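Asker: What follows is the file query_38.cif, containing mmCIF, C-alpha atoms (C1' of nucleotides):
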```
data_coords
#
loop_
_atom_site.label_atom_id
_atom_site.label_comp_id
_atom_site.auth_asym_id
_atom_site.auth_seq_id
_atom_site.Cartn_x
_atom_site.Cartn_y
_atom_site.Cartn_z
CA MET A 1 -29.68 12.27 -29.47
CA THR A 2 -33.43 12.19 -29.05
CA PRO A 3 -34.78 12.70 -25.50
CA LEU A 4 -35.62 8.99 -25.36
CA VAL A 5 -32.06 7.90 -26.16
CA GLN A 6 -30.71 10.62 -23.91
CA SER A 7 -32.49 9.29 -20.85
CA PHE A 8 -31.32 5.75 -21.62
CA VAL A 9 -27.71 6.83 -22.13
CA GLY A 10 -27.85 9.03 -19.04
CA HIS A 11 -29.09 6.19 -16.90
CA PHE A 12 -26.32 3.86 -18.05
CA GLY A 13 -23.82 6.57 -17.24
CA GLU A 14 -25.16 6.93 -13.71
CA MET A 15 -25.41 3.18 -13.10
CA GLY A 16 -21.96 2.52 -14.52
CA SER A 17 -20.10 2.75 -11.25
CA ARG A 18 -22.56 0.38 -9.60
CA TRP A 19 -21.94 -2.09 -12.40
CA GLY A 20 -18.17 -1.83 -12.21
CA ILE A 21 -17.60 0.33 -15.27
CA ASN A 22 -17.20 4.07 -15.45
CA ARG A 23 -19.65 6.66 -16.65
CA THR A 24 -18.29 7.03 -20.16
CA VAL A 25 -18.09 3.28 -20.74
CA GLY A 26 -21.70 2.92 -19.65
CA GLN A 27 -22.81 5.72 -21.94
CA ILE A 28 -20.88 4.39 -24.92
CA TYR A 29 -22.48 1.00 -24.51
CA ALA A 30 -25.98 2.40 -24.17
CA LEU A 31 -25.52 4.56 -27.25
CA ILE A 32 -24.28 1.67 -29.37
CA PHE A 33 -26.96 -0.66 -28.02
CA VAL A 34 -29.87 1.46 -29.19
CA SER A 35 -28.29 2.75 -32.38
CA PRO A 36 -29.91 1.39 -35.57
CA THR A 37 -26.52 1.45 -37.31
CA ALA A 38 -22.94 0.72 -36.24
CA LEU A 39 -21.16 3.83 -34.95
CA CYS A 40 -17.61 5.05 -35.37
CA ALA A 41 -15.56 6.50 -32.54
CA ASP A 42 -15.86 10.09 -33.71
CA GLU A 43 -19.62 9.97 -33.81
CA ILE A 44 -19.64 8.60 -30.27
CA ALA A 45 -17.25 11.25 -28.98
CA ASP A 46 -19.29 14.01 -30.61
CA THR A 47 -22.60 12.69 -29.34
CA LEU A 48 -21.39 12.19 -25.77
CA GLY A 49 -19.24 15.30 -25.75
CA CYS A 50 -16.11 13.59 -24.51
CA SER A 51 -12.66 13.19 -25.97
CA ARG A 52 -11.78 10.87 -28.78
CA SER A 53 -9.15 9.14 -26.65
CA ASN A 54 -11.63 8.48 -23.89
CA VAL A 55 -13.91 6.78 -26.41
CA SER A 56 -10.99 4.72 -27.66
CA MET A 57 -10.30 3.42 -24.15
CA GLY A 58 -13.98 2.85 -23.48
CA LEU A 59 -14.41 0.81 -26.64
CA LYS A 60 -11.39 -1.25 -25.71
CA GLU A 61 -12.96 -2.05 -22.36
CA LEU A 62 -16.33 -2.89 -23.90
CA GLN A 63 -14.59 -5.21 -26.32
CA SER A 64 -12.80 -6.91 -23.43
CA TRP A 65 -16.25 -7.55 -21.97
CA ARG A 66 -17.38 -8.76 -25.42
CA LEU A 67 -20.29 -6.33 -25.25
CA VAL A 68 -19.51 -4.60 -28.54
CA LYS A 69 -17.94 -5.89 -31.69
CA MET A 70 -16.00 -4.14 -34.41
CA LYS A 71 -17.32 -4.01 -37.92
CA HIS A 72 -15.73 -2.79 -41.13
CA VAL A 73 -17.67 -0.95 -43.77
CA ALA A 74 -16.50 -1.39 -47.37
CA GLY A 75 -14.73 1.69 -48.69
CA ASP A 76 -14.39 3.26 -45.26
CA ARG A 77 -11.19 3.07 -43.26
CA ARG A 78 -12.86 3.82 -39.96
CA GLU A 79 -13.84 1.13 -37.48
CA PHE A 80 -17.50 0.86 -36.62
CA PHE A 81 -18.98 -0.70 -33.52
CA GLU A 82 -22.23 -2.45 -32.82
CA ALA A 83 -23.69 -4.35 -29.87
CA PRO A 84 -25.34 -7.78 -29.97
CA THR A 85 -29.05 -7.09 -29.63
CA ASP A 86 -30.08 -10.53 -28.48
CA ALA A 87 -30.69 -10.02 -24.78
CA TRP A 88 -29.93 -13.63 -23.91
CA GLU A 89 -26.61 -13.53 -25.64
CA VAL A 90 -25.75 -10.36 -23.73
CA PHE A 91 -26.76 -11.95 -20.46
CA ARG A 92 -24.68 -15.02 -21.14
CA THR A 93 -21.64 -12.96 -22.04
CA LEU A 94 -22.02 -10.87 -18.93
CA ALA A 95 -22.42 -13.90 -16.68
CA GLU A 96 -19.36 -15.56 -18.17
CA GLU A 97 -17.17 -12.47 -17.86
CA ARG A 98 -18.28 -11.80 -14.33
CA ARG A 99 -17.53 -15.37 -13.37
CA ARG A 100 -14.08 -15.05 -14.86
CA ARG A 101 -13.32 -11.73 -13.21
CA GLU A 102 -15.20 -11.88 -9.93
CA MET A 103 -15.25 -15.55 -9.00
CA GLU A 104 -12.26 -17.34 -10.50
CA PRO A 105 -9.54 -15.39 -8.69
CA THR A 106 -11.29 -16.07 -5.40
CA LEU A 107 -11.62 -19.77 -6.16
CA THR A 108 -7.90 -19.94 -6.84
CA MET A 109 -7.08 -18.15 -3.59
CA LEU A 110 -9.44 -20.39 -1.61
CA ARG A 111 -8.01 -23.56 -3.12
CA SER A 112 -4.52 -22.63 -2.12
CA ALA A 113 -5.65 -21.56 1.37
CA LEU A 114 -7.35 -24.92 1.85
CA LEU A 115 -4.09 -26.74 1.15
CA GLU A 116 -2.35 -24.99 4.06
CA GLU A 117 -1.98 -26.81 7.35
CA PRO A 118 -4.05 -24.89 9.97
CA GLY A 119 -1.71 -23.57 12.67
CA SER A 120 -4.34 -23.12 15.38
CA GLU A 121 -7.92 -23.77 16.33
CA ALA A 122 -8.85 -20.36 14.90
CA ASP A 123 -7.21 -21.35 11.62
CA ARG A 124 -9.11 -24.58 11.60
CA ILE A 125 -12.43 -22.77 11.96
CA ALA A 126 -11.41 -20.20 9.36
CA GLN A 127 -10.52 -22.95 6.95
CA GLU A 128 -13.85 -24.66 7.52
CA ARG A 129 -15.69 -21.50 6.55
CA MET A 130 -13.42 -20.97 3.57
CA ARG A 131 -14.26 -24.49 2.48
CA SER A 132 -17.99 -23.85 2.52
CA MET A 133 -17.44 -20.64 0.58
CA HIS A 134 -15.26 -22.47 -1.90
CA ASP A 135 -17.76 -25.25 -2.41
CA LEU A 136 -20.60 -22.86 -3.12
CA ILE A 137 -18.63 -20.67 -5.53
CA ASP A 138 -17.35 -23.76 -7.27
CA LEU A 139 -20.88 -25.12 -7.62
CA MET A 140 -22.16 -21.80 -8.95
CA SER A 141 -19.29 -21.60 -11.35
CA THR A 142 -19.91 -25.05 -12.77
CA TRP A 143 -23.60 -24.28 -12.96
CA PHE A 144 -23.01 -21.10 -14.95
CA ASP A 145 -20.92 -23.15 -17.32
CA ASP A 146 -23.72 -25.67 -17.76
CA VAL A 147 -26.39 -23.07 -18.18
CA GLN A 148 -24.30 -21.35 -20.87
CA ARG A 149 -24.88 -24.38 -23.00
CA LEU A 150 -28.67 -24.30 -22.78
CA ASP A 151 -30.38 -22.55 -25.66
CA ALA A 152 -32.29 -19.35 -24.96
CA GLN A 153 -35.66 -21.06 -25.27
CA THR A 154 -34.95 -23.75 -22.69
CA LEU A 155 -33.47 -21.17 -20.34
CA ALA A 156 -36.50 -18.94 -20.65
CA LYS A 157 -38.77 -21.90 -20.03
CA LEU A 158 -36.79 -22.85 -16.96
CA MET A 159 -36.95 -19.33 -15.60
CA ARG A 160 -40.62 -18.93 -16.27
CA MET A 161 -41.21 -22.08 -14.25
CA GLY A 162 -39.60 -20.35 -11.31
CA SER A 163 -40.05 -22.16 -8.07
CA LYS A 164 -42.39 -24.66 -9.68
CA VAL A 165 -39.22 -26.48 -10.62
CA GLN A 166 -39.15 -27.67 -7.03
CA LYS A 167 -42.27 -29.75 -7.62
CA LEU A 168 -40.69 -31.17 -10.72
CA LEU A 169 -37.63 -32.21 -8.74
CA GLU A 170 -39.75 -33.81 -6.07
CA LEU A 171 -41.52 -35.71 -8.76
CA THR A 172 -38.35 -37.06 -10.34
CA GLY A 173 -37.03 -37.87 -6.89
CA GLN A 174 -40.07 -40.11 -6.50
CA LEU A 175 -39.60 -41.68 -9.90
CA LYS A 176 -36.00 -42.60 -9.19
CA SER A 177 -37.23 -43.44 -5.66
CA GLY A 178 -34.48 -44.72 -3.37
CA SER A 179 -31.56 -42.87 -5.04
CA LYS A 180 -29.27 -40.86 -2.72
CA GLU A 181 -30.31 -37.34 -1.48
CA MET B 1 -3.85 -12.44 12.18
CA THR B 2 -2.40 -15.76 11.17
CA PRO B 3 -0.86 -15.96 7.68
CA LEU B 4 -3.90 -17.99 6.55
CA VAL B 5 -6.37 -15.33 7.62
CA GLN B 6 -4.09 -12.61 6.33
CA SER B 7 -4.12 -13.98 2.79
CA PHE B 8 -7.90 -14.33 2.88
CA VAL B 9 -8.39 -10.80 4.19
CA GLY B 10 -5.85 -9.43 1.73
CA HIS B 11 -7.62 -11.03 -1.19
CA PHE B 12 -10.99 -9.61 -0.20
CA GLY B 13 -9.36 -6.20 0.07
CA GLU B 14 -7.95 -6.47 -3.44
CA MET B 15 -11.16 -7.84 -4.97
CA GLY B 16 -13.31 -5.28 -3.20
CA SER B 17 -13.32 -2.74 -5.99
CA ARG B 18 -14.25 -5.42 -8.53
CA TRP B 19 -17.18 -6.36 -6.32
CA GLY B 20 -18.36 -2.80 -5.84
CA ILE B 21 -17.13 -2.25 -2.32
CA ASN B 22 -13.91 -0.63 -1.19
CA ARG B 23 -10.80 -2.24 0.19
CA THR B 24 -11.56 -1.70 3.86
CA VAL B 25 -15.12 -2.95 3.56
CA GLY B 26 -13.88 -6.11 1.87
CA GLN B 27 -11.28 -6.68 4.55
CA ILE B 28 -13.71 -6.09 7.38
CA TYR B 29 -16.12 -8.62 5.94
CA ALA B 30 -13.41 -11.23 5.39
CA LEU B 31 -12.13 -10.79 8.93
CA ILE B 32 -15.57 -11.17 10.47
CA PHE B 33 -16.43 -14.09 8.21
CA VAL B 34 -13.56 -16.26 9.36
CA SER B 35 -13.51 -15.13 12.98
CA PRO B 36 -14.60 -17.82 15.46
CA THR B 37 -16.16 -15.15 17.66
CA ALA B 38 -18.04 -11.90 17.02
CA LEU B 39 -15.71 -8.90 16.81
CA CYS B 40 -16.03 -5.35 18.08
CA ALA B 41 -15.08 -2.31 16.03
CA ASP B 42 -11.88 -1.63 17.95
CA GLU B 43 -10.54 -5.11 17.41
CA ILE B 44 -11.22 -4.76 13.69
CA ALA B 45 -9.53 -1.37 13.46
CA ASP B 46 -6.50 -2.67 15.36
CA THR B 47 -6.21 -5.83 13.29
CA LEU B 48 -6.56 -4.05 9.95
CA GLY B 49 -4.55 -1.02 11.00
CA CYS B 50 -7.12 1.51 9.92
CA SER B 51 -9.06 4.18 11.76
CA ARG B 52 -11.93 3.52 14.06
CA SER B 53 -14.20 5.80 12.03
CA ASN B 54 -13.41 3.97 8.83
CA VAL B 55 -14.47 0.73 10.47
CA SER B 56 -17.67 2.37 11.65
CA MET B 57 -18.55 3.37 8.10
CA GLY B 58 -17.54 0.00 6.73
CA LEU B 59 -19.74 -1.84 9.21
CA LYS B 60 -22.61 0.41 8.31
CA GLU B 61 -22.21 -0.50 4.66
CA LEU B 62 -21.92 -4.21 5.41
CA GLN B 63 -25.08 -4.01 7.46
CA SER B 64 -26.84 -2.28 4.57
CA TRP B 65 -25.86 -5.30 2.47
CA ARG B 66 -27.07 -7.53 5.32
CA LEU B 67 -23.72 -9.32 5.27
CA VAL B 68 -22.98 -8.78 8.95
CA LYS B 69 -25.25 -8.55 11.92
CA MET B 70 -24.86 -6.82 15.23
CA LYS B 71 -24.80 -8.81 18.42
CA HIS B 72 -24.81 -7.72 22.03
CA VAL B 73 -22.83 -9.48 24.69
CA ALA B 74 -24.26 -9.43 28.22
CA GLY B 75 -22.35 -7.11 30.49
CA ASP B 76 -20.51 -5.39 27.65
CA ARG B 77 -21.59 -2.07 26.19
CA ARG B 78 -19.74 -2.55 22.95
CA GLU B 79 -21.40 -3.76 19.79
CA PHE B 80 -20.09 -7.00 18.29
CA PHE B 81 -20.44 -8.14 14.73
CA GLU B 82 -20.66 -11.53 13.13
CA ALA B 83 -21.35 -12.82 9.63
CA PRO B 84 -23.82 -15.53 8.67
CA THR B 85 -21.71 -18.57 7.91
CA ASP B 86 -24.26 -20.44 5.84
CA ALA B 87 -22.95 -19.94 2.31
CA TRP B 88 -26.40 -20.30 0.74
CA GLU B 89 -27.88 -17.66 2.96
CA VAL B 90 -25.03 -15.33 2.02
CA PHE B 91 -25.56 -16.01 -1.66
CA ARG B 92 -29.27 -15.35 -1.42
CA THR B 93 -28.73 -12.09 0.43
CA LEU B 94 -26.18 -10.97 -2.13
CA ALA B 95 -28.41 -11.87 -5.06
CA GLU B 96 -31.34 -10.02 -3.55
CA GLU B 97 -29.34 -6.88 -2.76
CA ARG B 98 -27.73 -6.84 -6.16
CA ARG B 99 -31.10 -7.17 -7.81
CA ARG B 100 -32.40 -4.28 -5.77
CA ARG B 101 -29.41 -2.05 -6.44
CA GLU B 102 -28.32 -3.03 -9.92
CA MET B 103 -31.48 -4.14 -11.68
CA GLU B 104 -34.50 -2.41 -10.20
CA PRO B 105 -33.50 1.17 -11.03
CA THR B 106 -32.90 0.12 -14.63
CA LEU B 107 -36.26 -1.64 -14.83
CA THR B 108 -37.96 1.53 -13.63
CA MET B 109 -36.15 3.65 -16.20
CA LEU B 110 -36.96 1.19 -18.99
CA ARG B 111 -40.62 1.04 -18.06
CA SER B 112 -40.97 4.77 -18.26
CA ALA B 113 -39.01 4.93 -21.52
CA LEU B 114 -41.33 2.33 -23.03
CA LEU B 115 -44.34 4.50 -22.28
CA GLU B 116 -42.99 7.36 -24.39
CA GLU B 117 -44.23 7.84 -27.92
CA PRO B 118 -41.28 7.24 -30.29
CA GLY B 119 -40.56 10.45 -32.19
CA SER B 120 -38.71 8.87 -35.09
CA GLU B 121 -37.74 5.62 -36.74
CA ALA B 122 -34.51 5.61 -34.70
CA ASP B 123 -36.57 6.00 -31.53
CA ARG B 124 -38.78 3.13 -32.58
CA ILE B 125 -35.78 0.83 -33.02
CA ALA B 126 -34.25 2.05 -29.77
CA GLN B 127 -37.50 1.33 -27.95
CA GLU B 128 -37.67 -2.14 -29.44
CA ARG B 129 -34.23 -2.94 -28.04
CA MET B 130 -35.11 -1.42 -24.71
CA ARG B 131 -38.15 -3.65 -24.63
CA SER B 132 -36.11 -6.80 -25.12
CA MET B 133 -33.72 -5.64 -22.40
CA HIS B 134 -36.64 -4.88 -20.11
CA ASP B 135 -38.27 -8.24 -20.67
CA LEU B 136 -35.11 -10.16 -19.88
CA ILE B 137 -34.27 -8.17 -16.75
CA ASP B 138 -37.84 -8.49 -15.60
CA LEU B 139 -37.78 -12.24 -16.12
CA MET B 140 -34.47 -12.57 -14.28
CA SER B 141 -35.79 -10.45 -11.47
CA THR B 142 -38.89 -12.55 -11.02
CA TRP B 143 -36.81 -15.69 -11.23
CA PHE B 144 -34.47 -14.49 -8.49
CA ASP B 145 -37.52 -13.86 -6.36
CA ASP B 146 -38.78 -17.37 -6.95
CA VAL B 147 -35.44 -19.00 -6.36
CA GLN B 148 -35.13 -17.12 -3.05
CA ARG B 149 -37.98 -19.20 -1.81
CA LEU B 150 -36.41 -22.56 -2.60
CA ASP B 151 -34.63 -24.19 0.29
CA ALA B 152 -30.88 -24.66 0.08
CA GLN B 153 -31.15 -28.35 -0.56
CA THR B 154 -33.47 -28.04 -3.55
CA LEU B 155 -31.34 -25.25 -4.97
CA ALA B 156 -28.18 -27.30 -4.61
CA LYS B 157 -29.87 -30.26 -6.27
CA LEU B 158 -31.03 -28.08 -9.13
CA MET B 159 -27.57 -26.67 -9.63
CA ARG B 160 -25.88 -30.01 -9.48
CA MET B 161 -28.18 -31.18 -12.24
CA GLY B 162 -26.80 -28.42 -14.41
CA SER B 163 -27.74 -28.73 -18.03
CA LYS B 164 -29.32 -32.11 -17.41
CA VAL B 165 -32.37 -30.09 -16.42
CA GLN B 166 -32.94 -29.63 -20.14
CA LYS B 167 -33.64 -33.32 -20.54
CA LEU B 168 -36.06 -33.12 -17.66
CA LEU B 169 -37.88 -30.24 -19.30
CA GLU B 170 -38.07 -32.10 -22.58
CA LEU B 171 -39.51 -35.03 -20.70
CA THR B 172 -42.24 -33.00 -19.01
CA GLY B 173 -42.96 -31.28 -22.31
CA GLN B 174 -43.71 -34.73 -23.69
CA LEU B 175 -45.84 -35.70 -20.73
CA LYS B 176 -47.99 -32.63 -21.08
CA SER B 177 -47.71 -33.21 -24.84
CA GLY B 178 -49.62 -30.61 -26.85
CA SER B 179 -49.39 -27.76 -24.27
CA LYS B 180 -48.13 -24.40 -25.57
CA GLU B 181 -44.32 -23.75 -26.05
"C1'" DA C 1 8.06 4.45 -49.97
"C1'" DT C 2 4.98 8.38 -48.87
"C1'" DC C 3 1.27 10.62 -47.05
"C1'" DA C 4 -2.93 11.41 -44.80
"C1'" DA C 5 -6.57 9.48 -42.16
"C1'" DA C 6 -7.53 6.88 -38.20
"C1'" DT C 7 -6.36 5.02 -33.81
"C1'" DT C 8 -3.73 4.41 -29.58
"C1'" DT C 9 -0.68 5.73 -25.94
"C1'" DC C 10 0.62 8.44 -22.27
"C1'" DA C 11 1.92 12.21 -19.19
"C1'" DG C 12 -0.44 15.62 -16.89
"C1'" DT C 13 -4.70 17.20 -14.69
"C1'" DA C 14 -9.45 16.93 -13.05
"C1'" DA C 15 -12.82 14.59 -10.53
"C1'" DT C 16 -14.13 11.23 -7.48
"C1'" DT C 17 -13.77 8.21 -3.76
"C1'" DA C 18 -11.56 6.60 0.52
"C1'" DC C 19 -9.67 7.65 4.87
"C1'" DT C 20 -8.39 10.15 9.11
"C1'" DG C 21 -8.71 12.59 13.49
"C1'" DA C 22 -11.24 15.67 16.08
"C1'" DA C 23 -15.56 16.91 17.71
"C1'" DA C 24 -20.35 15.78 18.53
"C1'" DC C 25 -23.46 12.66 19.96
"C1'" DT C 26 -25.47 8.48 22.45
"C1'" DT C 27 -25.85 5.23 26.01
"C1'" DC C 28 -25.87 3.51 30.40
"C1'" DG C 29 -24.12 2.82 35.13
"C1'" DA C 30 -23.56 5.18 39.45
"C1'" DT D 1 -27.88 14.15 36.17
"C1'" DC D 2 -23.20 13.40 35.57
"C1'" DG D 3 -19.43 11.25 33.42
"C1'" DA D 4 -17.02 7.75 31.04
"C1'" DA D 5 -17.16 4.38 27.39
"C1'" DG D 6 -18.62 3.72 22.99
"C1'" DT D 7 -20.20 5.26 18.42
"C1'" DT D 8 -21.05 8.39 14.56
"C1'" DT D 9 -20.44 12.49 11.87
"C1'" DC D 10 -17.91 15.48 9.19
"C1'" DA D 11 -14.49 18.65 7.30
"C1'" DG D 12 -10.11 18.24 5.52
"C1'" DT D 13 -6.67 15.42 3.15
"C1'" DA D 14 -4.81 11.41 0.77
"C1'" DA D 15 -5.25 8.10 -2.73
"C1'" DT D 16 -7.32 6.49 -6.66
"C1'" DT D 17 -9.61 6.65 -10.89
"C1'" DA D 18 -11.25 9.10 -15.02
"C1'" DC D 19 -10.34 12.20 -18.65
"C1'" DT D 20 -7.90 15.22 -21.92
"C1'" DG D 21 -4.87 16.79 -25.62
"C1'" DA D 22 -0.67 16.19 -27.78
"C1'" DA D 23 2.48 13.06 -29.66
"C1'" DA D 24 3.40 8.51 -31.47
"C1'" DT D 25 1.86 4.69 -34.02
"C1'" DT D 26 -0.72 2.11 -37.32
"C1'" DT D 27 -3.16 1.54 -41.61
"C1'" DG D 28 -4.05 1.53 -46.34
"C1'" DA D 29 -4.39 3.98 -50.71
"C1'" DT D 30 -1.47 5.86 -54.30
#
```
I need this file expressed as structure tokens, please.

Answerer:
Amino acid sequence: MTPLVQSFVGHFGEMGSRWGINRTVGQIYALIFVSPTALCADEIADTLGCSRSNVSMGLKELQSWRLVKMKHVAGDRREFFEAPTDAWEVFRTLAEERRRREMEPTLTMLRSALLEEPGSEADRIAQERMRSMHDLIDLMSTWFDDVQRLDAQTLAKLMRMGSKVQKLLELTGQLKSGSKE
Amino acid sequence: MTPLVQSFVGHFGEMGSRWGINRTVGQIYALIFVSPTALCADEIADTLGCSRSNVSMGLKELQSWRLVKMKHVAGDRREFFEAPTDAWEVFRTLAEERRRREMEPTLTMLRSALLEEPGSEADRIAQERMRSMHDLIDLMSTWFDDVQRLDAQTLAKLMRMGSKVQKLLELTGQLKSGSKE
DNA sequence: ATCAAATTTCAGTAATTACTGAAACTTCGA
DNA sequence: TCGAAGTTTCAGTAATTACTGAAATTTGAT
């Protein structure tokens, strides 16, 4: 590893826990991400100085996040791994997986809690707050879904507009004039 | 705790680790969030069946995330805690804190890596990929900042539009006609 | 079918993170 | 300024999570 790659890999290792993955998984991803060629498990284990089995588990997790993909090289029995380099694609994948893992279970729980009959005034208030939480998460979730479908260019344009989009909305509001909200 | 609150609190405890907080911190937040009144540390410890000191640390962490705020009750020396109930405010706070903790350190690292002189072809390719990662994170970061400033209503409208915003952008692109991108 | 290379699984261990209870500290009324 | 109520700190311990190496399994060429 060159010093440049080393500092990148090191950082991903340190940040891993903050991002919900462990050190090795973070390092494996970083290494694959910057590598000009697809890497095999042994190379990764050697470079990072960790066990082959640890790399195997790490790659499995990265595949479950769809952050790396397997590749076969003709005349070589080993499996090689590479990472999508298109940043937008990576962002989309990450957003989708996070929604699935971090939001969906909560939505399910909230939906079932909202079907219960409140047994007290405290329950009624609790349910009210759960409802507002549910509605927001649901909205965000749907929005993510929609945004997934936009192409990178449109998305970038939208983001670069930033808060100017507000003016745009005001404008269309005027065009449609009397429509609700 | 009523069964309703119990299932909510239990879920937040289980999801905690996925969200980057621990079980107790998740439970404390959930309990405060649905409570009709502000709670003191002892009530929380009793309700959750964990130690007073654990609650103290948990509250400190929740305050660092700005998810709960302290409140003083006249004639009572104890500190009480409540959670903002406006879902949009909570979302904004969470987005801002996550940006600060999960994105900013990486931006800093990337910026310094991009200043280095690549020592090889591999370094050059690595740097190229780091640059695309940097540019996206930077764009997202700025966008978050902008979106922070929108009021809840505008934000909700924008989200409800979902991918229809694309059509709107196409429209404005036509209006401005020959302008770049 | 057999063998060797490659990969995965898993039980045991290391490292990390969470939690507790006791002690130290802070705050405020008397 | 003293003391009691409240809060925080911290060293020790419990629980969890990460990692390893050996054994088992899979894969594909002969």

Asker: Pick out the chain B residues within 10 Å of chain D. Count all atoms listed in the file. Give them as an NGL selection string.

Answerer: :B and (41-42 or 52-53 or 56-57 or 77-79)

Asker: Any chance you could resolve the PyMOL selection byres ((chain C) within 8 of (chain B)) against this file and give the residues as a PDB file with C-alpha atoms (C1' of nucleotides), in the coordinates of the input?

Answerer:
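In the end it all went to out_26.pdb:
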```
ATOM      1  C1'  DA C  18     -11.560   6.600   0.520  1.00  0.00           C
ATOM      2  C1'  DC C  19      -9.670   7.650   4.870  1.00  0.00           C
ATOM      3  C1'  DT C  20      -8.390  10.150   9.110  1.00  0.00           C
TER       4       DT C  20
END
```

Asker: List, as a ChimeraX atom specification, every residue that the PyMOL selection byres ((chain B) within 7 of (chain A)) selects in the file provided.

Answerer: /B:4,18-20,34-36,85,87,102,113,122-123,125-126,129,132-133,136,143,146-147,150,154,159,162-163,166

Asker: Restrict the selected residues to C-alpha atoms and save them as an mmCIF file, in the coordinates of the input.

Answerer:
```
data_model
loop_
_atom_site.group_PDB
_atom_site.id
_atom_site.type_symbol
_atom_site.label_atom_id
_atom_site.label_comp_id
_atom_site.auth_asym_id
_atom_site.auth_seq_id
_atom_site.Cartn_x
_atom_site.Cartn_y
_atom_site.Cartn_z
ATOM 1 C CA LEU B 4 -3.900 -17.990 6.550
ATOM 2 C CA ARG B 18 -14.250 -5.420 -8.530
ATOM 3 C CA TRP B 19 -17.180 -6.360 -6.320
ATOM 4 C CA GLY B 20 -18.360 -2.800 -5.840
ATOM 5 C CA VAL B 34 -13.560 -16.260 9.360
ATOM 6 C CA SER B 35 -13.510 -15.130 12.980
ATOM 7 C CA PRO B 36 -14.600 -17.820 15.460
ATOM 8 C CA THR B 85 -21.710 -18.570 7.910
ATOM 9 C CA ALA B 87 -22.950 -19.940 2.310
ATOM 10 C CA GLU B 102 -28.320 -3.030 -9.920
ATOM 11 C CA ALA B 113 -39.010 4.930 -21.520
ATOM 12 C CA ALA B 122 -34.510 5.610 -34.700
ATOM 13 C CA ASP B 123 -36.570 6.000 -31.530
ATOM 14 C CA ILE B 125 -35.780 0.830 -33.020
ATOM 15 C CA ALA B 126 -34.250 2.050 -29.770
ATOM 16 C CA ARG B 129 -34.230 -2.940 -28.040
ATOM 17 C CA SER B 132 -36.110 -6.800 -25.120
ATOM 18 C CA MET B 133 -33.720 -5.640 -22.400
ATOM 19 C CA LEU B 136 -35.110 -10.160 -19.880
ATOM 20 C CA TRP B 143 -36.810 -15.690 -11.230
ATOM 21 C CA ASP B 146 -38.780 -17.370 -6.950
ATOM 22 C CA VAL B 147 -35.440 -19.000 -6.360
ATOM 23 C CA LEU B 150 -36.410 -22.560 -2.600
ATOM 24 C CA THR B 154 -33.470 -28.040 -3.550
ATOM 25 C CA MET B 159 -27.570 -26.670 -9.630
ATOM 26 C CA GLY B 162 -26.800 -28.420 -14.410
ATOM 27 C CA SER B 163 -27.740 -28.730 -18.030
ATOM 28 C CA GLN B 166 -32.940 -29.630 -20.140
#
```

Asker: What is the C1' of DG29 in chain C to CA of Ala74 in chain B distance in Å?

Answerer: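 Separation of C1' of DG29 in chain C and CA of Ala74 in chain B: 14.1 Å.
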
Asker: Could you jot down the CA of Thr47 in chain B to CA of Leu59 in chain B separation for me, Å, one decimal place?

Answerer: 14.7 Å

Asker: Would you work out the distance separating CA of Pro84 in chain B from CA of Leu67 in chain B, expressed in Å to one decimal?

Answerer: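 Computed distance, CA of Pro84 in chain B to CA of Leu67 in chain B, equals 7.1 Å.
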
Asker: Applying 9 Å and only C-alpha atoms (C1' of nucleotides), which residues near Ala38 in chain B remain after dropping the ones on its own chain fewer than 2 positions away? List them as a list of chain:residue names.

Answerer: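 What passes the distance filter is B:Ile32, B:Ser35, B:Pro36, B:Cys40, B:Met70, B:Lys71, B:Phe80, B:Phe81, B:Glu82, B:Ala83.
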